[in-house]
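Peer 1: Let me begin by handing over the structure; questions about it come next.
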Amino acid sequence: MIRGLFRAGSCALLLWAGALSAAEPAATAAASVAPVDLAPFLRRDAYLQIKISPTGEYYAATVPLEDRTILVVIRRADKKPIAKIEDKEDTVVADFWWVNDHRVMAGMARKYGRNDVPSATGELVAIDADGSRSIWLTGPTDYSYALLHDTLRADPDNVLITVVPYGAQTETSLEKMNVYTGVRAPVSAAPVTNAVFTSDQRGHARFARGGGKDNLSKLYYRDAGNKPWRLINDESVSGVREIAMGFSPDGRIAYLQVEQARGPDVVMAMDTATGARTELLRDPVADPHALLEAVDGDTPVGALYVHGTSSTRFFDPAEPTAKYYRQLEKAFPGHTVLLTSATDDGRLLLFAVWSDRNPGDFYLYDTVAKKVDPVFSRRLWFDPDQRPPTRSVEIPARDGLMLHGYLTLPLSSPRDAGLPLVVLPHGGPFGEFDTPWFDDDAQLLAEAGYAVLRVNYRGSGNYGRAFMHAGAREWGGRMQQDLTDATRWVIAQKIADPARVCIYGASYGGYAALMGAATEPDLYRCAVGYVGVYDLEKLHRDVSKRGGGMGNWADAWIGPRDGLGAVSPTALADRIRAPVFLAAGGKDRQAPIEHTERMEKALKNAGVPVETLYYPYEGHGFYTEEHRREYYTRLLAFLSRHLGGATAK
């Protein structure tokens with residue numbers, strides 16, 4: 001059993017004749033339904049991301065604490081932590097890079113709550129692997145916002161950074177920065193506002209993509225040697241976005257992810273000398289989810305797709321990295337495999353594996369010795385063989401649009417029929433999407449005895465531009481109808497008991513839960529809104545105040561402010577008959593607590609039973625373990641009263 005490698009400690013998978021082998025997980029007996037032990041779900045991941053240093057002497061890893069995420073440098077020989085980067089409460093090490101053999105740099109962000117999207121602060125921090133020479137390379141005193149652009153592998157003392165001045169954020173530039181002193185020198189200016197650069201392997205910035213207040217993307221290209229920029233795609237004209245992915249080693253071929261008017265995005269190769277384009281990868285259903293890079297960490301070689309299960313596709317199946325992936329995928333059937341980093345000599349590859357039942361493990365592949373050793377596990381305390389599997393479903397909406405989702409059923413059920421059902425719409429809503437991978441809420445609810453349905457309603461990402469744009473201005477409309485149609489489909493399949501269905505979500509999912517209870521009062525027996533938005537007129541005002549074209553975005557994607565009362569749960573409370581549970585945090589910037597307070601008041605005025613849980617110092621999702629324990633205890637108790645599932649231990 002693959003997972004047994006971690007329990008065996010020093011065991012290793014050996015590669016014979018260039019192929020890996022590993023046993024299929026054994027079948028296990030069904031787990032007990034009562035009561036649910038919350039402890040495994042409340043424990044934070046031991047690690048989030050891990051990268052090996054260029055020489056293989058160290059690992060760098062992000063480690064989540066209760067109120068922040070830090071970076072730790074670990075000596076590979078004995079797995080002893082020897083250095084760290086951390087900041088104050090609510091800060092997150094959003095990404096990190098080995099900038100030379102013995103120095104690591106981190107990009108900082110802030111995050112107010114577990115469900116909040118980290119907002120990069122533009123601060124870059126560096127430290128030597130032994131903990132010495134720590135320095136904040138950029139910060140608020142620079143009056144600018146900086147992001148790493150290129151580690152410049154051939155230059156151990158310098159990196160390239162993208163710099164945007166605070167305020168209007170119009171003049172984006174590229175600068176070379178010393179990783180020990182922070183001293184910077186200008187390199188290039190972008191031809192477009194709020195730009196993101198893409199460089200070739202020599203560090204020459206040759207693509208710049210950005211846009212203005214219209215939120216429409218422009219892509220510029222130039223030849224190496226700081227030649228003039230030229231516009232090669234304007235979304236306002238072409239109707240689609242193009243994103244530069246990288247270059248071939250010689251810089252002759254550029255790789256682009258190109259939206260299509262219909263269907264998912266396509267990966268194309270562009271001959272930079274002639275401009276000719278060739279289609280390389282196209283999935284019939286899904287967009288590329290992640291770029292796959294060669295062992296050198298610079299060259300695109302393929303893409304990871306997620307639809308039902310995950311799959312990797314390569315430009316050239318004979319490319320060495322592609323062969324490594326195929327070997328590893330054979331050793332870990334049913335798992336997603338992703339190379340995270342490699343040593344400069346290409347001998348040691350660090351890769352992550354995860355699945356619907358496994359939260360994730362990290363392994364080290366020695367390409368010379370032909371063996372794989374376990375390194376770290378995100379959550380070793382979860383036994384994948386004791387977790388319920390997740391299966392993909394395809395559901396036709398009432399207008400014929402095909403919806404893709406995932407169904408997780410309890411292991412404890414003797415049969416997959418007549419189950420209490422929890423519908424779990426994701427947040428966002430636009431561009432976000434559910435995957436088949438390990439989902440905490442789905443796993444927890446399945447352990448409590450519920451079937452759990454997650455649906456990628458229109459507006460979700462991963463299924464092409466047209467699918468996402470089909471959700472524009474459909475708050476409470478077709479996006480909501482998709483959830484209704486999916487719920488009724490599960491009932492029609494006899495999987496769910498029609499008398500025991502609840503809808504529960506966070507953020508936009510909270511909105512969808514309350515709108516579901518309002519628009520389908522006979523379908524849902526209860527509703528739960530966690531850090532949700534319920535007053536769309538307020539949401540529109542708050543988004544518009546952020547400036548930078550966000551008012552235009554709100555009109556285009558939420559709808560004109562004057563008509564939003566008709567699709568706001570706060571204005572429809574008198575239609576709700578099902579009991580409601582609401583939870584929110586006072587520091588929430590994405591969905592301010594006022595939304596939940598107004599929803600509570602409206603429900604009480606309408607005579608609807610409502611329970612609430614407020615924490616004034618929590619944000620967009622609760623961080624503190626005791627608060628999360630209280631929330632999930634209350635959630636399971638609420639669902640148990642109305643659907644009959646297990647409560648918390």
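So you can find residues: chains in the structure tokens are A, B, ... in the order shown, residues in each start at 1, and ligands are numbered from 1 in order.
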Could you tell me, as number ranges by chain, which residues of stretch 240-436 of chain A DSSP assigns to helix (DSSP H, G or I) when given the backbone?
Peer 2: A: 320-331, 384-386
Peer 1: Which residues are close to stretch 175-186 of chain A, i.e. within 7 Å by only C-alpha atoms, leaving aside same-chain residues fewer than 4 positions away? Reply as an MDAnalysis selection string.
Peer 2: chainID A and resid 126 137:138 157:162
Peer 1: Would you write out those residues with N, CA, C and O atoms, as a PDB file, in the first residue's frame?
Peer 2:
```pdb
ATOM      1  N   ALA A 126      14.018  37.501   2.241  1.00  0.00           N
ATOM      2  CA  ALA A 126      14.995  36.456   1.915  1.00  0.00           C
ATOM      3  C   ALA A 126      15.801  36.085   3.145  1.00  0.00           C
ATOM      4  O   ALA A 126      15.988  36.897   4.060  1.00  0.00           O
ATOM      5  N   LEU A 137      13.435  42.583   1.646  1.00  0.00           N
ATOM      6  CA  LEU A 137      13.987  43.211   0.447  1.00  0.00           C
ATOM      7  C   LEU A 137      13.100  44.326  -0.078  1.00  0.00           C
ATOM      8  O   LEU A 137      13.583  45.322  -0.629  1.00  0.00           O
ATOM      9  N   THR A 138      11.805  44.168   0.043  1.00  0.00           N
ATOM     10  CA  THR A 138      10.858  45.207  -0.361  1.00  0.00           C
ATOM     11  C   THR A 138       9.812  45.340   0.726  1.00  0.00           C
ATOM     12  O   THR A 138       9.563  44.412   1.496  1.00  0.00           O
ATOM     13  N   ASP A 157      23.163  36.103  -7.400  1.00  0.00           N
ATOM     14  CA  ASP A 157      23.035  37.276  -6.538  1.00  0.00           C
ATOM     15  C   ASP A 157      21.816  38.132  -6.852  1.00  0.00           C
ATOM     16  O   ASP A 157      21.479  39.027  -6.066  1.00  0.00           O
ATOM     17  N   ASN A 158      21.170  37.892  -7.988  1.00  0.00           N
ATOM     18  CA  ASN A 158      20.099  38.787  -8.416  1.00  0.00           C
ATOM     19  C   ASN A 158      18.874  38.028  -8.904  1.00  0.00           C
ATOM     20  O   ASN A 158      18.962  36.878  -9.332  1.00  0.00           O
ATOM     21  N   VAL A 159      17.741  38.722  -8.839  1.00  0.00           N
ATOM     22  CA  VAL A 159      16.486  38.233  -9.403  1.00  0.00           C
ATOM     23  C   VAL A 159      15.843  39.387 -10.160  1.00  0.00           C
ATOM     24  O   VAL A 159      16.249  40.547 -10.025  1.00  0.00           O
ATOM     25  N   LEU A 160      14.831  39.066 -10.961  1.00  0.00           N
ATOM     26  CA  LEU A 160      14.014  40.090 -11.591  1.00  0.00           C
ATOM     27  C   LEU A 160      12.694  40.196 -10.850  1.00  0.00           C
ATOM     28  O   LEU A 160      12.089  39.168 -10.497  1.00  0.00           O
ATOM     29  N   ILE A 161      12.254  41.418 -10.599  1.00  0.00           N
ATOM     30  CA  ILE A 161      10.982  41.629  -9.922  1.00  0.00           C
ATOM     31  C   ILE A 161      10.107  42.557 -10.755  1.00  0.00           C
ATOM     32  O   ILE A 161      10.592  43.423 -11.477  1.00  0.00           O
ATOM     33  N   THR A 162       8.795  42.339 -10.656  1.00  0.00           N
ATOM     34  CA  THR A 162       7.813  43.247 -11.239  1.00  0.00           C
ATOM     35  C   THR A 162       7.433  44.266 -10.180  1.00  0.00           C
ATOM     36  O   THR A 162       7.113  43.901  -9.045  1.00  0.00           O
TER      37      THR A 162
END
```
Peer 1: Just the number, please: distance in Å from atom CA of A:Trp229 to atom CA of A:Ser188, one decimal.
Peer 2: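 Atom CA of A:Ser188 lies at a distance of 11.0 Å from atom CA of A:Trp229.
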Peer 1: Between atom CA of A:Asp555 and atom CA of A:Gly212, measure the distance and give it in Å to one decimal.
Peer 2: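 Here the two named atoms are 16.0 Å from each other.
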Peer 1: If I take atom CA of A:Thr198 and atom CA of A:Asp316, how far is one from the other in Å, to one decimal?
Peer 2: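 Atom CA of A:Asp316 lies at a distance of 22.3 Å from atom CA of A:Thr198.
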Peer 1: Which residue, A:Ala244, A:Ala470, A:Ala591, A:Val490, has the smallest gap to A:Val452 when you use only C-alpha atoms?
Peer 2: A:Val490
Peer 1: If you run DSSP on the backbone here, which positions in stretch 176-424 of chain A get strand (DSSP E or B)? Please write them as a ChimeraX atom specification.
Peer 2: /A:176-178,184-189,196-199,205-211,217-221,230-234,242-247,253-258,266-271,277-282,288-293,300-307,309-314,336-342,348-354,361-366,371-377,390-396,402-408,419-423
Peer 1: Residues within 7 Å of A:Arg114, please, as number ranges by chain. Count only C-alpha atoms; anything in the same chain fewer than 4 positions from it doesn't count.
Peer 2: A: 620-623
Peer 1: With N, CA and C atoms retained, write the just-selected residues as a PDB file, in the first residue's frame.
Peer 2:
```pdb
ATOM      1  N   HIS A 620     -12.988  35.771   7.040  1.00  0.00           N
ATOM      2  CA  HIS A 620     -13.760  35.065   6.025  1.00  0.00           C
ATOM      3  C   HIS A 620     -13.491  33.562   6.158  1.00  0.00           C
ATOM      4  N   GLY A 621     -14.067  32.981   7.178  1.00  0.00           N
ATOM      5  CA  GLY A 621     -13.786  31.606   7.581  1.00  0.00           C
ATOM      6  C   GLY A 621     -13.003  31.622   8.868  1.00  0.00           C
ATOM      7  N   PHE A 622     -13.333  30.737   9.783  1.00  0.00           N
ATOM      8  CA  PHE A 622     -12.761  30.797  11.130  1.00  0.00           C
ATOM      9  C   PHE A 622     -11.395  30.121  11.178  1.00  0.00           C
ATOM     10  N   TYR A 623     -10.440  30.807  11.819  1.00  0.00           N
ATOM     11  CA  TYR A 623      -9.077  30.295  11.996  1.00  0.00           C
ATOM     12  C   TYR A 623      -8.929  29.469  13.277  1.00  0.00           C
TER      13      TYR A 623
END
```
Peer 1: Neighbouring residues of A:Tyr59 were defined as those with any atom within 7 Å, considering only C-alpha atoms; residues of the same chain fewer than 5 positions away were excluded. Please report them as a list in words.
Peer 2: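 Contacts, in chain order: Ile50, Lys51, Ile52, Ser53, Val73, Ile74, Arg75 and Arg76 of chain A.
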Peer 1: I need the chosen residues saved as a short mmCIF file (atom, residue, chain, number, x, y, z; two decimals), in the first residue's frame, with C-alpha atoms.
Peer 2:
```
data_model
loop_
_atom_site.label_atom_id
_atom_site.label_comp_id
_atom_site.auth_asym_id
_atom_site.auth_seq_id
_atom_site.Cartn_x
_atom_site.Cartn_y
_atom_site.Cartn_z
CA ILE A 50 7.57 21.95 -0.26
CA LYS A 51 10.49 22.61 -2.64
CA ILE A 52 13.95 21.08 -2.66
CA SER A 53 17.04 23.32 -2.88
CA VAL A 73 13.91 25.66 5.94
CA ILE A 74 14.55 21.99 6.74
CA ARG A 75 17.88 20.20 6.49
CA ARG A 76 17.33 17.18 4.26
#
```
Peer 1: I'd like the contact shell of A:Gln257 - 12 Å cut-off, only C-alpha atoms, skipping same-chain residues fewer than 5 positions apart - returned as a PyMOL selection string.
Peer 2: chain A and resi 219+240-246+264-270+277-282+287-291+300+302-303+464
Peer 1: With only C-alpha atoms as the basis for distance, which of A:Gly203, A:Val36, A:Gly131, A:Ser507 is at the shortest distance from A:Ala154?
Peer 2: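 The closest residue to A:Ala154 is A:Gly203.
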Peer 1: Residues at most 9 Å from A:Pro156, counting only C-alpha atoms, excluding those fewer than 4 positions away in the same chain, as a PyMOL selection string?
Peer 2: chain A and resi 99-101+151-152+179
Peer 1: Restricted to all heavy atoms, what would the selected residues look like written as a short mmCIF file (atom, residue, chain, number, x, y, z; two decimals), in the first residue's frame?
Peer 2:
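Generated output (part.cif):
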```
data_model
loop_
_atom_site.label_atom_id
_atom_site.label_comp_id
_atom_site.auth_asym_id
_atom_site.auth_seq_id
_atom_site.Cartn_x
_atom_site.Cartn_y
_atom_site.Cartn_z
N VAL A 99 16.54 31.00 -4.61
CA VAL A 99 17.15 31.95 -5.54
C VAL A 99 18.61 31.62 -5.80
O VAL A 99 19.22 32.16 -6.73
CB VAL A 99 17.00 33.40 -5.04
CG1 VAL A 99 15.53 33.79 -5.05
CG2 VAL A 99 17.60 33.58 -3.65
N ASN A 100 19.21 30.78 -4.97
CA ASN A 100 20.51 30.17 -5.25
C ASN A 100 20.63 28.94 -4.37
O ASN A 100 19.66 28.54 -3.71
CB ASN A 100 21.68 31.16 -5.08
CG ASN A 100 21.80 31.74 -3.68
OD1 ASN A 100 21.63 31.02 -2.68
ND2 ASN A 100 22.10 33.04 -3.58
N ASP A 101 21.81 28.35 -4.31
CA ASP A 101 21.96 27.06 -3.62
C ASP A 101 21.63 27.12 -2.13
O ASP A 101 21.20 26.12 -1.54
CB ASP A 101 23.40 26.55 -3.77
CG ASP A 101 23.73 26.16 -5.19
OD1 ASP A 101 22.79 26.08 -6.02
OD2 ASP A 101 24.92 25.93 -5.49
N THR A 151 13.93 34.06 -11.22
CA THR A 151 15.03 33.83 -10.26
C THR A 151 16.40 33.98 -10.89
O THR A 151 17.40 33.97 -10.16
CB THR A 151 14.92 32.43 -9.64
OG1 THR A 151 14.98 31.45 -10.69
CG2 THR A 151 13.63 32.27 -8.85
N LEU A 152 16.48 34.11 -12.21
CA LEU A 152 17.77 34.26 -12.90
C LEU A 152 18.75 33.18 -12.43
O LEU A 152 19.74 33.45 -11.75
CB LEU A 152 18.36 35.65 -12.66
CG LEU A 152 17.55 36.83 -13.20
CD1 LEU A 152 18.23 38.15 -12.86
CD2 LEU A 152 17.35 36.71 -14.70
N VAL A 179 19.60 39.91 -4.09
CA VAL A 179 18.87 39.13 -3.09
C VAL A 179 19.49 39.23 -1.70
O VAL A 179 18.92 38.69 -0.74
CB VAL A 179 18.78 37.65 -3.51
CG1 VAL A 179 18.00 37.51 -4.81
CG2 VAL A 179 20.16 37.02 -3.64
#
```
Peer 1: Given only C-alpha atoms as the basis, pick out the residue of A:Ala318, A:Ala451, A:Val285, A:Ala602 nearest to A:Val501.
Peer 2: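 Ranked by minimum distance to A:Val501, first place goes to A:Ala451.
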Peer 1: Taking only C-alpha atoms into account, name the residue in A:Pro284, A:Pro429, A:Pro54, A:Pro616 that is nearest to A:Asp345.
Peer 2: A:Pro54
Peer 1: Here is a test: counting only C-alpha atoms, which residue of A:His335, A:Arg206, A:Lys218, A:Lys371 is nearest to A:Asn194?
Peer 2: A:Lys218
Peer 1: Could you check the closest approach to A:Arg525 for each of A:Pro498, A:Gly428, A:Gly607, A:Gly547 and tell me which residue wins, using only C-alpha atoms?
Peer 2: A:Pro498
